file upload_2.cif (mmCIF, C-alpha atoms)
data_my_file
#
loop_
_atom_site.group_PDB
_atom_site.id
_atom_site.type_symbol
_atom_site.label_atom_id
_atom_site.label_comp_id
_atom_site.auth_asym_id
_atom_site.auth_seq_id
_atom_site.Cartn_x
_atom_site.Cartn_y
_atom_site.Cartn_z
ATOM 1 C CA MET A 1 -0.483 45.589 46.203
ATOM 2 C CA ARG A 2 -2.859 42.729 46.988
ATOM 3 C CA PHE A 3 -4.287 40.410 44.384
ATOM 4 C CA THR A 4 -8.049 40.605 44.018
ATOM 5 C CA ARG A 5 -9.938 39.005 46.853
ATOM 6 C CA THR A 6 -11.235 36.306 44.478
ATOM 7 C CA SER A 7 -7.750 35.175 43.508
ATOM 8 C CA GLN A 8 -6.717 35.265 47.170
ATOM 9 C CA MET A 9 -9.593 32.998 48.072
ATOM 10 C CA LEU A 10 -8.769 30.538 45.301
ATOM 11 C CA SER A 11 -5.395 30.056 46.977
ATOM 12 C CA VAL A 12 -6.878 29.984 50.457
ATOM 13 C CA ALA A 13 -9.456 27.386 49.505
ATOM 14 C CA ALA A 14 -6.732 25.177 48.081
ATOM 15 C CA ILE A 15 -4.717 25.431 51.302
ATOM 16 C CA ALA A 16 -7.729 24.587 53.438
ATOM 17 C CA VAL A 17 -8.545 21.341 51.649
ATOM 18 C CA LEU A 18 -5.092 19.939 50.917
ATOM 19 C CA SER A 19 -4.655 16.383 52.147
ATOM 20 C CA LEU A 20 -1.454 14.567 53.090
ATOM 21 C CA SER A 21 -1.353 12.757 49.775
ATOM 22 C CA ALA A 22 -1.122 16.110 47.994
ATOM 23 C CA CYS A 23 1.795 17.335 50.059
ATOM 24 C CA GLY A 24 5.516 17.003 49.697
ATOM 25 C CA GLY A 25 7.688 15.032 52.065
ATOM 26 C CA GLY A 26 8.454 18.166 54.062
ATOM 27 C CA SER A 27 5.123 18.101 55.908
ATOM 28 C CA THR A 28 5.252 17.769 59.666
ATOM 29 C CA GLU A 29 2.673 16.222 61.948
ATOM 30 C CA SER A 30 0.394 17.884 64.473
ATOM 31 C CA SER A 31 -1.924 16.504 67.108
ATOM 32 C CA MET A 32 -4.577 18.969 65.951
ATOM 33 C CA GLY A 33 -6.656 17.814 63.031
ATOM 34 C CA GLY A 34 -9.627 19.108 61.082
ATOM 35 C CA GLY A 35 -11.194 15.667 60.759
ATOM 36 C CA THR A 36 -9.328 14.754 57.556
ATOM 37 C CA THR A 37 -5.597 14.715 58.262
ATOM 38 C CA ASP A 38 -3.233 16.003 60.909
ATOM 39 C CA ALA A 39 -0.661 17.144 58.341
ATOM 40 C CA VAL A 40 0.677 20.677 58.702
ATOM 41 C CA ILE A 41 0.867 22.322 55.274
ATOM 42 C CA VAL A 42 3.996 24.394 54.629
ATOM 43 C CA VAL A 43 3.320 27.279 52.245
ATOM 44 C CA ASP A 44 5.551 29.972 50.779
ATOM 45 C CA GLY A 45 4.980 33.446 52.173
ATOM 46 C CA SER A 46 6.505 36.891 52.488
ATOM 47 C CA GLU A 47 7.026 39.071 55.546
ATOM 48 C CA PRO A 48 3.878 41.162 56.155
ATOM 49 C CA GLN A 49 4.587 44.827 55.572
ATOM 50 C CA ASN A 50 2.605 46.006 58.601
ATOM 51 C CA PRO A 51 1.066 44.675 61.816
ATOM 52 C CA LEU A 52 -1.818 42.358 60.959
ATOM 53 C CA ILE A 53 -4.772 44.726 61.229
ATOM 54 C CA PRO A 54 -7.289 44.077 58.418
ATOM 55 C CA THR A 55 -7.871 47.728 57.497
ATOM 56 C CA SER A 56 -4.147 48.399 57.150
ATOM 57 C CA THR A 57 -3.031 45.280 55.296
ATOM 58 C CA ASN A 58 -2.976 45.738 51.533
ATOM 59 C CA GLU A 59 -0.213 43.408 50.369
ATOM 60 C CA VAL A 60 -0.064 39.682 49.673
ATOM 61 C CA GLY A 61 2.147 38.584 52.596
ATOM 62 C CA GLY A 62 -0.181 39.908 55.261
ATOM 63 C CA GLY A 63 -3.346 39.327 53.258
ATOM 64 C CA ALA A 64 -2.747 35.585 52.991
ATOM 65 C CA ILE A 65 -2.605 35.353 56.793
ATOM 66 C CA LEU A 66 -5.692 37.497 57.387
ATOM 67 C CA ASP A 67 -7.732 35.441 54.929
ATOM 68 C CA LEU A 68 -7.191 32.359 57.086
ATOM 69 C CA ILE A 69 -7.567 33.785 60.590
ATOM 70 C CA PHE A 70 -10.578 36.020 59.941
ATOM 71 C CA ALA A 71 -14.049 35.460 58.510
ATOM 72 C CA GLY A 72 -16.082 38.289 57.016
ATOM 73 C CA LEU A 73 -19.757 38.762 56.290
ATOM 74 C CA VAL A 74 -19.271 36.750 53.117
ATOM 75 C CA SER A 75 -16.530 34.535 51.725
ATOM 76 C CA TYR A 76 -15.855 33.160 48.260
ATOM 77 C CA ASP A 77 -15.868 29.555 47.137
ATOM 78 C CA ALA A 78 -13.228 28.010 44.869
ATOM 79 C CA ASP A 79 -15.031 29.414 41.810
ATOM 80 C CA GLY A 80 -15.128 32.942 43.235
ATOM 81 C CA LYS A 81 -18.847 32.844 44.047
ATOM 82 C CA PRO A 82 -19.809 34.763 47.231
ATOM 83 C CA GLN A 83 -21.481 32.883 50.073
ATOM 84 C CA ASN A 84 -22.682 34.073 53.471
ATOM 85 C CA GLU A 85 -20.135 33.509 56.240
ATOM 86 C CA MET A 86 -20.792 35.658 59.340
ATOM 87 C CA ALA A 87 -23.906 37.147 57.717
ATOM 88 C CA GLU A 88 -27.225 35.384 58.040
ATOM 89 C CA SER A 89 -28.703 37.860 55.563
ATOM 90 C CA ILE A 90 -27.844 41.052 53.673
ATOM 91 C CA GLU A 91 -31.061 42.713 52.547
ATOM 92 C CA THR A 92 -31.995 45.867 50.654
ATOM 93 C CA GLU A 93 -34.977 47.275 48.826
ATOM 94 C CA ASP A 94 -33.247 50.159 47.059
ATOM 95 C CA ALA A 95 -29.541 49.126 46.761
ATOM 96 C CA GLN A 96 -28.642 52.067 49.001
ATOM 97 C CA ASN A 97 -29.921 51.089 52.437
ATOM 98 C CA TYR A 98 -28.802 47.647 53.607
ATOM 99 C CA THR A 99 -29.803 45.668 56.679
ATOM 100 C CA ILE A 100 -27.235 43.092 57.770
ATOM 101 C CA THR A 101 -28.140 40.336 60.215
ATOM 102 C CA LEU A 102 -25.368 38.187 61.707
ATOM 103 C CA LYS A 103 -25.473 34.478 62.424
ATOM 104 C CA GLU A 104 -25.993 33.618 66.061
ATOM 105 C CA GLY A 105 -23.295 32.264 68.367
ATOM 106 C CA LYS A 106 -20.178 33.278 66.410
ATOM 107 C CA THR A 107 -17.094 34.136 68.473
ATOM 108 C CA PHE A 108 -13.514 35.328 68.211
ATOM 109 C CA THR A 109 -10.768 32.973 69.343
ATOM 110 C CA ASN A 110 -10.559 34.767 72.724
ATOM 111 C CA GLY A 111 -14.202 33.899 73.384
ATOM 112 C CA ASP A 112 -15.653 37.348 72.677
ATOM 113 C CA PRO A 113 -18.872 37.255 70.632
ATOM 114 C CA VAL A 114 -18.893 38.548 67.057
ATOM 115 C CA THR A 115 -21.518 41.299 67.175
ATOM 116 C CA ALA A 116 -22.770 44.153 65.037
ATOM 117 C CA ASN A 117 -20.355 46.433 66.891
ATOM 118 C CA SER A 118 -17.469 44.158 65.865
ATOM 119 C CA PHE A 119 -18.103 45.214 62.274
ATOM 120 C CA VAL A 120 -19.268 48.802 62.750
ATOM 121 C CA ASP A 121 -16.413 49.718 65.103
ATOM 122 C CA ALA A 122 -13.848 48.084 62.809
ATOM 123 C CA TRP A 123 -15.161 49.898 59.726
ATOM 124 C CA ASN A 124 -15.275 53.243 61.505
ATOM 125 C CA TYR A 125 -11.709 52.697 62.725
ATOM 126 C CA GLY A 126 -10.646 51.915 59.178
ATOM 127 C CA ALA A 127 -12.293 55.005 57.717
ATOM 128 C CA ALA A 128 -11.227 57.639 60.287
ATOM 129 C CA ALA A 129 -8.420 59.853 59.017
ATOM 130 C CA LYS A 130 -6.613 59.928 62.352
ATOM 131 C CA ASN A 131 -5.970 56.173 62.172
ATOM 132 C CA ALA A 132 -4.264 56.407 58.754
ATOM 133 C CA GLN A 133 -5.362 52.970 57.608
ATOM 134 C CA LEU A 134 -4.064 51.908 54.199
ATOM 135 C CA SER A 135 -7.378 50.374 53.107
ATOM 136 C CA SER A 136 -9.514 53.293 54.231
ATOM 137 C CA TYR A 137 -10.788 53.888 50.700
ATOM 138 C CA PHE A 138 -12.740 50.624 50.727
ATOM 139 C CA PHE A 139 -15.355 52.416 52.847
ATOM 140 C CA GLU A 140 -15.825 55.353 50.479
ATOM 141 C CA SER A 141 -19.252 54.106 49.354
ATOM 142 C CA ILE A 142 -20.674 54.498 52.873
ATOM 143 C CA GLU A 143 -22.432 57.742 53.760
ATOM 144 C CA GLY A 144 -20.247 59.866 56.008
ATOM 145 C CA TYR A 145 -16.949 58.474 54.738
ATOM 146 C CA ASP A 146 -15.946 61.820 53.224
ATOM 147 C CA GLU A 147 -16.268 63.579 56.582
ATOM 148 C CA ALA A 148 -14.463 60.874 58.558
ATOM 149 C CA SER A 149 -11.602 60.437 56.081
ATOM 150 C CA ALA A 150 -10.898 64.096 55.274
ATOM 151 C CA GLU A 151 -7.366 65.208 56.141
ATOM 152 C CA GLY A 152 -7.243 66.503 59.694
ATOM 153 C CA SER A 153 -10.790 65.357 60.448
ATOM 154 C CA THR A 154 -11.726 64.655 64.058
ATOM 155 C CA VAL A 155 -14.859 62.729 63.015
ATOM 156 C CA GLU A 156 -14.441 59.098 64.064
ATOM 157 C CA THR A 157 -17.677 57.519 62.812
ATOM 158 C CA MET A 158 -19.534 57.307 59.507
ATOM 159 C CA SER A 159 -23.127 58.513 59.603
ATOM 160 C CA GLY A 160 -24.192 55.648 57.333
ATOM 161 C CA LEU A 161 -23.516 52.959 59.952
ATOM 162 C CA THR A 162 -26.066 52.220 62.692
ATOM 163 C CA VAL A 163 -26.094 49.380 65.212
ATOM 164 C CA VAL A 164 -29.660 48.092 65.711
ATOM 165 C CA ASP A 165 -28.917 45.279 68.161
ATOM 166 C CA ASP A 166 -26.181 42.728 68.857
ATOM 167 C CA ARG A 167 -26.842 40.865 65.622
ATOM 168 C CA THR A 168 -28.133 43.612 63.336
ATOM 169 C CA PHE A 169 -26.727 46.784 61.801
ATOM 170 C CA THR A 170 -27.705 48.992 58.895
ATOM 171 C CA VAL A 171 -25.578 50.572 56.203
ATOM 172 C CA LYS A 172 -26.577 53.608 54.167
ATOM 173 C CA LEU A 173 -24.499 54.232 51.069
ATOM 174 C CA ALA A 174 -23.877 57.648 49.559
ATOM 175 C CA GLN A 175 -25.661 56.428 46.426
ATOM 176 C CA PRO A 176 -27.284 53.177 45.260
ATOM 177 C CA GLU A 177 -24.814 50.360 44.466
ATOM 178 C CA SER A 178 -26.381 47.011 43.707
ATOM 179 C CA ASP A 179 -23.020 45.213 43.703
ATOM 180 C CA TRP A 180 -21.834 46.578 47.056
ATOM 181 C CA PRO A 181 -22.396 43.295 48.988
ATOM 182 C CA LEU A 182 -20.051 41.460 46.593
ATOM 183 C CA ARG A 183 -17.011 43.220 48.070
ATOM 184 C CA LEU A 184 -17.768 42.401 51.709
ATOM 185 C CA GLY A 185 -15.485 39.354 51.779
ATOM 186 C CA TYR A 186 -12.405 41.529 51.343
ATOM 187 C CA SER A 187 -10.195 41.796 54.401
ATOM 188 C CA ALA A 188 -10.867 45.514 54.993
ATOM 189 C CA PHE A 189 -14.418 44.532 55.988
ATOM 190 C CA PHE A 190 -13.414 41.911 58.579
ATOM 191 C CA PRO A 191 -14.720 42.343 62.154
ATOM 192 C CA LEU A 192 -12.490 43.170 65.108
ATOM 193 C CA PRO A 193 -12.777 42.329 68.805
ATOM 194 C CA ALA A 194 -12.647 45.165 71.338
ATOM 195 C CA ALA A 195 -9.016 44.294 72.173
ATOM 196 C CA ALA A 196 -7.924 45.337 68.679
ATOM 197 C CA LEU A 197 -9.056 48.925 69.125
ATOM 198 C CA GLU A 198 -7.756 49.157 72.681
ATOM 199 C CA ASP A 199 -4.168 48.381 71.625
ATOM 200 C CA PRO A 200 -3.828 48.119 67.809
ATOM 201 C CA ALA A 201 -0.041 47.734 67.897
ATOM 202 C CA ALA A 202 -0.115 44.730 70.231
ATOM 203 C CA PHE A 203 -3.058 43.235 68.398
ATOM 204 C CA GLY A 204 -1.265 43.473 65.069
ATOM 205 C CA GLU A 205 1.555 41.270 66.352
ATOM 206 C CA ASN A 206 -0.768 38.622 67.767
ATOM 207 C CA PRO A 207 -4.177 39.050 66.105
ATOM 208 C CA ILE A 208 -7.386 37.540 67.462
ATOM 209 C CA GLY A 209 -9.608 36.401 64.620
ATOM 210 C CA ASN A 210 -12.793 34.461 63.977
ATOM 211 C CA GLY A 211 -11.766 32.404 60.954
ATOM 212 C CA PRO A 212 -10.868 28.758 60.271
ATOM 213 C CA TYR A 213 -7.327 29.160 61.677
ATOM 214 C CA LYS A 214 -5.647 31.002 64.532
ATOM 215 C CA PHE A 215 -2.102 31.799 65.627
ATOM 216 C CA ALA A 216 -0.442 28.700 67.059
ATOM 217 C CA SER A 217 0.915 30.681 70.005
ATOM 218 C CA GLU A 218 1.670 34.230 71.091
ATOM 219 C CA GLY A 219 5.035 34.005 69.325
ATOM 220 C CA ALA A 220 3.702 32.320 66.191
ATOM 221 C CA TRP A 221 4.906 35.191 64.029
ATOM 222 C CA GLN A 222 8.677 34.738 63.873
ATOM 223 C CA HIS A 223 9.571 37.775 61.828
ATOM 224 C CA ASN A 224 11.284 37.083 58.496
ATOM 225 C CA GLN A 225 11.172 33.345 59.231
ATOM 226 C CA GLN A 226 7.679 31.896 59.513
ATOM 227 C CA ILE A 227 4.117 32.273 60.795
ATOM 228 C CA GLU A 228 2.437 29.220 62.306
ATOM 229 C CA LEU A 229 -1.332 28.761 62.191
ATOM 230 C CA VAL A 230 -3.420 25.945 63.663
ATOM 231 C CA PRO A 231 -7.112 25.119 63.151
ATOM 232 C CA ASN A 232 -9.684 27.120 65.085
ATOM 233 C CA ASP A 233 -11.855 24.352 66.530
ATOM 234 C CA GLU A 234 -14.637 26.841 67.329
ATOM 235 C CA TYR A 235 -15.056 27.872 63.705
ATOM 236 C CA GLU A 236 -18.180 26.620 61.950
ATOM 237 C CA GLY A 237 -18.414 27.637 58.340
ATOM 238 C CA PRO A 238 -17.738 26.712 54.708
ATOM 239 C CA GLN A 239 -13.939 27.000 55.013
ATOM 240 C CA ALA A 240 -13.263 24.714 57.976
ATOM 241 C CA ALA A 241 -9.666 23.459 58.168
ATOM 242 C CA GLN A 242 -9.072 19.920 56.952
ATOM 243 C CA ASN A 243 -5.475 19.645 58.082
ATOM 244 C CA GLY A 244 -3.380 20.135 61.195
ATOM 245 C CA GLY A 245 -2.403 23.707 60.383
ATOM 246 C CA VAL A 246 -0.672 25.972 57.897
ATOM 247 C CA THR A 247 2.868 27.281 58.319
ATOM 248 C CA PHE A 248 3.851 30.203 56.113
ATOM 249 C CA LYS A 249 7.576 29.956 55.500
ATOM 250 C CA ILE A 250 8.892 33.421 54.674
ATOM 251 C CA TYR A 251 11.176 33.743 51.648
ATOM 252 C CA GLN A 252 13.041 36.678 50.160
ATOM 253 C CA ASN A 253 12.678 35.368 46.609
ATOM 254 C CA ASP A 254 10.774 32.758 44.609
ATOM 255 C CA THR A 255 13.922 30.979 43.460
ATOM 256 C CA THR A 256 14.855 29.863 46.969
ATOM 257 C CA ALA A 257 11.275 28.822 47.610
ATOM 258 C CA TYR A 258 11.216 26.786 44.400
ATOM 259 C CA GLN A 259 14.355 24.920 45.411
ATOM 260 C CA ASP A 260 12.694 24.052 48.728
ATOM 261 C CA LEU A 261 9.626 22.881 46.816
ATOM 262 C CA ILE A 262 11.487 20.421 44.619
ATOM 263 C CA SER A 263 13.485 19.285 47.666
ATOM 264 C CA ASP A 264 10.222 18.466 49.526
ATOM 265 C CA ASN A 265 10.835 21.133 52.163
ATOM 266 C CA LEU A 266 7.826 23.121 50.964
ATOM 267 C CA ASP A 267 4.345 21.856 50.091
ATOM 268 C CA VAL A 268 2.763 24.796 48.266
ATOM 269 C CA LEU A 269 4.383 27.460 46.083
ATOM 270 C CA LYS A 270 1.906 29.889 44.540
ATOM 271 C CA THR A 271 4.203 31.371 41.873
ATOM 272 C CA ILE A 272 6.778 29.601 39.717
ATOM 273 C CA PRO A 273 9.932 31.711 39.154
ATOM 274 C CA THR A 274 10.283 32.925 35.562
ATOM 275 C CA SER A 275 13.585 31.067 35.202
ATOM 276 C CA ASP A 276 11.884 27.745 36.028
ATOM 277 C CA ILE A 277 8.727 28.015 33.938
ATOM 278 C CA LYS A 278 10.190 25.762 31.256
ATOM 279 C CA ASN A 279 11.191 23.124 33.805
ATOM 280 C CA PHE A 280 8.491 22.998 36.479
ATOM 281 C CA LYS A 281 6.348 20.313 34.841
ATOM 282 C CA ASN A 282 9.301 17.941 34.639
ATOM 283 C CA ASP A 283 10.522 18.902 38.126
ATOM 284 C CA LEU A 284 7.154 18.534 39.848
ATOM 285 C CA GLY A 285 5.177 16.059 37.743
ATOM 286 C CA GLU A 286 1.712 15.535 39.253
ATOM 287 C CA ARG A 287 2.478 17.953 42.086
ATOM 288 C CA SER A 288 1.987 20.938 39.765
ATOM 289 C CA ILE A 289 -1.355 22.597 39.039
ATOM 290 C CA GLU A 290 -1.810 24.924 36.086
ATOM 291 C CA SER A 291 -5.041 26.921 35.843
ATOM 292 C CA PRO A 292 -6.334 30.455 35.191
ATOM 293 C CA TYR A 293 -6.811 32.833 38.134
ATOM 294 C CA ALA A 294 -8.254 36.307 38.663
ATOM 295 C CA GLY A 295 -5.109 38.341 39.180
ATOM 296 C CA ASN A 296 -2.888 40.899 37.489
ATOM 297 C CA GLN A 297 0.742 41.859 37.379
ATOM 298 C CA THR A 298 1.951 45.333 36.469
ATOM 299 C CA ILE A 299 5.155 47.304 36.091
ATOM 300 C CA ALA A 300 4.718 50.831 37.440
ATOM 301 C CA VAL A 301 6.885 53.936 37.443
ATOM 302 C CA PRO A 302 8.090 54.745 41.004
ATOM 303 C CA TYR A 303 6.992 58.394 41.168
ATOM 304 C CA TYR A 304 8.319 58.649 44.724
ATOM 305 C CA LEU A 305 11.936 58.460 43.482
ATOM 306 C CA PRO A 306 13.704 61.699 42.400
ATOM 307 C CA ASN A 307 14.735 60.273 39.011
ATOM 308 C CA TRP A 308 11.097 60.128 37.922
ATOM 309 C CA GLU A 309 10.064 63.610 39.087
ATOM 310 C CA GLY A 310 10.077 66.934 37.281
ATOM 311 C CA GLU A 311 10.826 67.540 33.611
ATOM 312 C CA ALA A 312 13.662 65.000 33.521
ATOM 313 C CA GLY A 313 11.407 62.374 35.023
ATOM 314 C CA LYS A 314 8.719 63.176 32.481
ATOM 315 C CA LEU A 315 11.160 62.657 29.627
ATOM 316 C CA ARG A 316 12.284 59.324 31.083
ATOM 317 C CA ARG A 317 8.668 58.194 31.403
ATOM 318 C CA GLN A 318 8.005 59.185 27.793
ATOM 319 C CA ALA A 319 11.077 57.221 26.712
ATOM 320 C CA LEU A 320 9.667 54.112 28.338
#

call {"tool": "encode", "arguments": {"input": "upload_2.cif", "output": "structure tokens"}}
result
Amino acid sequence: MRFTRTSQMLSVAAIAVLSLSACGGGSTESSMGGGTTDAVIVVDGSEPQNPLIPTSTNEVGGGAILDLIFAGLVSYDADGKPQNEMAESIETEDAQNYTITLKEGKTFTNGDPVTANSFVDAWNYGAAAKNAQLSSYFFESIEGYDEASAEGSTVETMSGLTVVDDRTFTVKLAQPESDWPLRLGYSAFFPLPAAALEDPAAFGENPIGNGPYKFASEGAWQHNQQIELVPNDEYEGPQAAQNGGVTFKIYQNDTTAYQDLISDNLDVLKTIPTSDIKNFKNDLGERSIESPYAGNQTIAVPYYLPNWEGEAGKLRRQAL
């Protein structure tokens, strides 16, 4: 499961503003800079579970990538406060009918404009049952979601979404929700270019976004090894890159990543292994940051395994 979008953005914001002086000796150099430093930041990551399509990415490994290569209607600052990103305005008079106007001149990294259809088509794709998107339920507030998402449904669009013009679309919710705009920075609500819906499988391997970073090359995703991102020079927004790129180095466990961190082969590690909690301050000194974040960790019973099903499984669950 993903962390909350707020906690994701706290990490993303930190990555975007890191300078060379804050990095370990493992940083490499790049000719591409964001105006501050040309250092490439090496961050710990995990292999994305699925192709990188926003509406079907619901785990941390893929989510961390999407949060850097896409920009939604809103984003969140380092304190978790929402701010307009692609949206020029999100207006409502009754908390049920919303009019969304996009900023002018925004584009995807392939040059396609970001339009109202980029959002409406992406949301409809995410909601339609036939596409089996893992984050489909994020659209359940929108009128017509029930029909589009019902098992076996052939309905491909939600009645609550209407494109007015290239920069404007309206959203009708099934009922009033005054806090609905707050969730629009989550990755399920990201826009998609037409190429994504024409060939989702190919797109998921080499996504085309509109955010502060982009894939370094067509083969930037080296499965189970690393994913290389470079700044998107066309991006204009509150999260502009201030480094030469971000490389997510894929690890199988936190212990190996921690050893790379203290050996200066890794710049950022988001989670300290339990076995090293007592030592990390001495190991890292001023390189460590300790602060609260909006996240949660849980231990859940794996109902999909035979040992936890039926009467015997019930008794085992009660024993726990």

call {"tool": "atom_distance", "arguments": {"input": "upload_2.cif", "atom1": "CA of Thr168 (chain A)", "atom2": "CA of Asn84 (chain A)"}}
result
14.8 Å

call {"tool": "atom_distance", "arguments": {"input": "upload_2.cif", "atom1": "CA of Glu47 (chain A)", "atom2": "CA of Ala64 (chain A)"}}
result
10.7 Å

call {"tool": "closest_residue", "arguments": {"input": "upload_2.cif", "among": "A:Ser75, A:Ser141, A:Ser187, A:Ser288", "to": "Gly62 (chain A)", "atoms": "all atoms listed in the file"}}
result
A:Ser187

call {"tool": "atom_distance", "arguments": {"input": "upload_2.cif", "atom1": "CA of Thr55 (chain A)", "atom2": "CA of Asn117 (chain A)"}}
result
15.7 Å

call {"tool": "closest_residue", "arguments": {"input": "upload_2.cif", "among": "A:Phe169, A:Tyr304, A:Tyr186, A:Phe280", "to": "Ser89 (chain A)", "atoms": "only C-alpha atoms"}}
result
A:Phe169

call {"tool": "closest_residue", "arguments": {"input": "upload_2.cif", "among": "A:Leu266, A:Val246, A:Val40, A:Leu52", "to": "Phe203 (chain A)", "atoms": "all atoms listed in the file"}}
result
A:Leu52

call {"tool": "closest_residue", "arguments": {"input": "upload_2.cif", "among": "A:Tyr145, A:Tyr293, A:Phe119, A:Tyr258", "to": "Leu197 (chain A)", "atoms": "all atoms listed in the file"}}
result
A:Phe119

call {"tool": "residues_around", "arguments": {"input": "upload_2.cif", "residues": "Val268 (chain A)", "least_positions_apart": "3", "cutoff": "7 Å", "atoms": "all atoms listed in the file", "output": "PDB file with C-alpha atoms, keeping the file's coordinate frame"}}
result
ATOM      1  CA  VAL A  42       3.996  24.394  54.629  1.00  0.00           C
ATOM      2  CA  VAL A  43       3.320  27.279  52.245  1.00  0.00           C
ATOM      3  CA  ASP A  44       5.551  29.972  50.779  1.00  0.00           C
TER       4      ASP A  44
END
